[in-house]
Structures are given as C-alpha cells and as structure tokens.
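*Asks:* I have a structure I would like to understand better, so I am pasting it below and will then ask my questions one at a time.
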Amino acid sequence: MSRFEPRLQKFREQMEEKGWSGAFLAPSGDMEYLIGVRRQRPHATQGHMHGEWFYGAILTPSDCVFVAPYLAHHFIAREAEDKPWISDVIKIDDGDDIHTLAKQLLDKHGLAGKTLGVPREAMASVVTEIQQVAPGTVFHSSWEITADMRAIKDAEEIELMRNASRTTDAIFDDVRKNLRYGMTETDVMMEVEHQMLKHNTEGSSFVTGIRVKGPGIHDVLEGVSRAGSVEAQPGRVIAFDFGVVLNGYVSDFGRTVHCGEPDAELRRIHGLVMQAQAEGMAAMKAGQITAQDVDKTARSIIAEAGYGPNFFHRLGHGIGIDVHEPPFLAKGDDTVLEAGMCFTVEPSIWVSGKCFTRVEDVVVVGPDGGTSLNEYTREILVL
C-alpha cells in the first residue's frame, strides 16, 4: 500500500464527519499530499489556460477523477499512471464548453449544490465559476483537515526531507569552491542554481537569496530582488538563503561566508547566532514546548547580548511539501510541538554596515529535542 491511500482514507473520514460531500483539489500542496499528483514547476507570472478554473481532482467518498487543460493533460496523465485511486483523467481542449463539462461532472458525482473542500491556493474563479454552474455549492478550506496531517511527517517523509537537505549541503559545498572576490550577488545566485541542476534536483524551492553585506554598502533587506550587483570584497560577508525540491519535498538552508578573516565583533556575532540555533533546537522537545516559546528561547540569547533589534524576523517555519508551512516558530503561535514536526531554525543578526550573519537548517522534532537534517558545518567560513 502506498502512503497516499491511508491519507485519502483519513481525509474522507474527516470529510464525512464535517458533512462535506467531497473536495475539489486544485493544484496545491494538499493535492500532492493526498493523491500524489505533483504540481508543474511554477512560473514567475501566471500562465493562464483555457478551463484553468476547473483544473484539479474531483474527490468523492469513493472516487477521484482528474480534470486537466490540454496544456497540462500529458503531465497529469503521466502522474496518474501508477495511482489506481485516480479512476480517470479528463482532458479539456481549447474551445470546450467548460461550464457544461463542470455541471455534468458535478451532477454525475453528486456534488452540485453541496459542501466541498478546496485548497487555500485555489484561484477565486474556482469558487465563483463552480457556484455559477452549481448554485448553492458551499466551500471550506481543505486545510481544515490537512493542516494537522501535513504538520507531522512520517518516517518516509523525513527520509525524503533528509535527502533534500543533504543534497543542499553538497550544493553549498560545491558553491563555496567557486566563490571569488569580485563576484556579485547575482553571480553567486547563478552559481547556486547551476549547482542545483548539476545535483539533479527539480530546482529551487523558492527564490534564491544572496546578500552581500558589510562596509560601504547601503543596507536594505526589503524589495523584490533577492540578489543584486553588490560585490564580494574583503571585509564583507555573503549571506546564503536557498533550498531545493527533490522527490516532492523541499529544503531551506542558510550559512554566511566571511570575505577575509572576521574581526572580534564578527566572531562574537557568529557565536551568538550559532548558540541561539543550538539552544532553540535543544528546546524542541515533543509535547513540552510551544512554537512561540522555542522562538523566545533562541531570541533571548541574542537579545541578552544586546542585539535584540538586529534579529528582525521569526525563528523559523514549518516545512515539507511546501517551503513555508504552519506551524511557525514565532510569537503568537501557541502550537505544542509534536514528534515528527519539521521546522527551519534560522536565527540571524543584521548590523547595518557590518554584517548579516545567519544560519538555517531543517530540524525534526523529537522527544529529546530537535535534530538537524543538515550536516554542514556551522563553524566560521572564510573566503
């Protein structure tokens, strides 16, 4: 039995408890998690297709039928080949009357005018168009059921995430070998993404972030671009933030490389960041601490050393099929950590004109604390 069939059974049982008649699984993490059909690699902008609002899986208590525009049909058909729980893949051709098709399928499966689950990522037109052809249909987020399911990873998922994290370690090691003074942030980003392809990944799990910080630089962390024209030069640091997709699961990784031997303050900052991560991980004991208290544990190390305002973001986030998943290691999240939950743990200190020192690993929660799925050194790295 595959790992998807027990998930589907649990999801269907909870659908029944909630009074849902079914679900429409538009392309999303929930779709991948429940039926094993992967999303196509995203574009930087939306690539619209005829019939895209009815692109997804119709899931009932006893059946699963996938509907796909012709541009995605061959991809979905291949994805469905080894999944017997998908009974059919229906192609939408250009010019087809989507509204008639949707009404026919919703009527056939007894879903018109009923209550359906739909992923949070679904386009608004999924709701508006289905309500047009099937008045009275009510929608709830499938996340109401999948959130708890996806938060706790099983042994197979953890191994997939370990492979993604270890591959990311190897990518970073190869990137370091090719770093040179004079490289811009964009040059380094291109090297990272080149190595992602060389290591046979499916590409980046989010937009690769490379930031060179230090003396003589106008420090701005905000903005659309995550890499620019600032050069790696002596006295500066190169902060890395990147991850990959591998076999459907993702990584998220960070380290900082010093351009030349760091001075005493940079060494102290590095030590504080590593201590904050270590103590945050040690506190991640299943059933004994909340997500916000893990954040507080790590943050207090940096704050007590006088750098509180310089740690300007949350400690971390859940991670799995998607790169950012709840729960979050942040103030206000009172989720009690459970064994098998996976988080990034990524403290940092940003000092304008001095440095941006960060570390980030994927960590799995256990009874005795968190264990990193990454193995790359956390010692000071020097170019």
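Residue names in the structure tokens use chain letters A, B, ... in the order shown, residue numbers from 1 in each chain, and ligand numbers from 1 in the order shown.
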List as a ChimeraX atom specification the protein and nucleic acid residues near range 58-73 of chain A, meaning an atom at most 8 Å away when only C-alpha atoms are counted, but skip any in the same chain fewer than 2 places from it.

*Replies:* /A:12,21-25,49-52,54-56,75-77,85-94,109

*Asks:* Which range 313-381 of chain A residues have any atom within 6 Å of an atom of range 290-304 of chain A, and for each, what is the nearest pair of atoms with distance in Å to one decimal, counting only C-alpha atoms, rows sorted by chain and number, as a tab-separated table?

*Replies:*
```
residue	atom	partner	partner_atom	distance
A:Leu315	CA	A:Asp295	CA	5.3
A:Leu329	CA	A:Ala291	CA	4.7
A:Ala330	CA	A:Gln292	CA	4.8
A:Lys331	CA	A:Gln292	CA	4.7
A:Asp333	CA	A:Gln292	CA	5.2
A:Asp334	CA	A:Thr290	CA	5.2
A:Thr335	CA	A:Thr290	CA	5.2
A:Val336	CA	A:Thr290	CA	4.2
A:Leu337	CA	A:Thr290	CA	5.7
```

*Asks:* List the neighbours of range 350-360 of chain A out to 6 Å using only C-alpha atoms; skip same-chain residues closer than 2 positions along the sequence, and give me the result as a VMD selection string.

*Replies:* chain A and resid 213 to 215 219 253 to 256 310 345 to 346 348

*Asks:* Could you pull out all residues of range 284-360 of chain A with a DSSP call of strand (DSSP E) and give them as a list in words?

*Replies:*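 Going through range 284-360 of chain A, the strand (DSSP E) residues come out as Gly316, His317, Gly318, Glu325, Pro326, Pro327, Phe328, Leu329, Cys342, Phe343, Thr344, Val345, Ser348, Ile349, Trp350, Val351, Cys355, Phe356, Thr357 and Arg358 of chain A.
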
*Asks:* With only C-alpha atoms as the atoms that count, which of A:Gly318, A:Gly369, A:Gly243, A:Gly260 lies nearest to Arg180 in chain A?

*Replies:*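 Comparing A:Gly318, A:Gly369, A:Gly243, A:Gly260 against Arg180 in chain A, the winner is A:Gly260.
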
*Asks:* Between A:Gly235, A:Pro347, A:Pro367, A:Gly29, which one has atoms that come closest to Ile217 in chain A, using only C-alpha atoms?

*Replies:*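 With only C-alpha atoms as the atom set, the closest residue is A:Gly235.
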
*Asks:* So, with only C-alpha atoms as the atoms that count, which of A:Val37, A:Val273, A:Leu246, A:Ala283 lies closest to Asn163 in chain A?

*Replies:*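 Among the listed residues, the smallest separation from Asn163 in chain A belongs to A:Leu246.
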
*Asks:* So what do you get for CA of Leu383 in chain A versus CA of His258 in chain A, distance-wise?

*Replies:*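 These atoms are spaced 6.0 Å apart.
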
*Asks:* From the list A:Gly370, A:Pro119, A:Asp96, A:Glu144, which residue is nearest Glu279 in chain A when using only C-alpha atoms?

*Replies:*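 Smallest separation from Glu279 in chain A among the options: A:Gly370.
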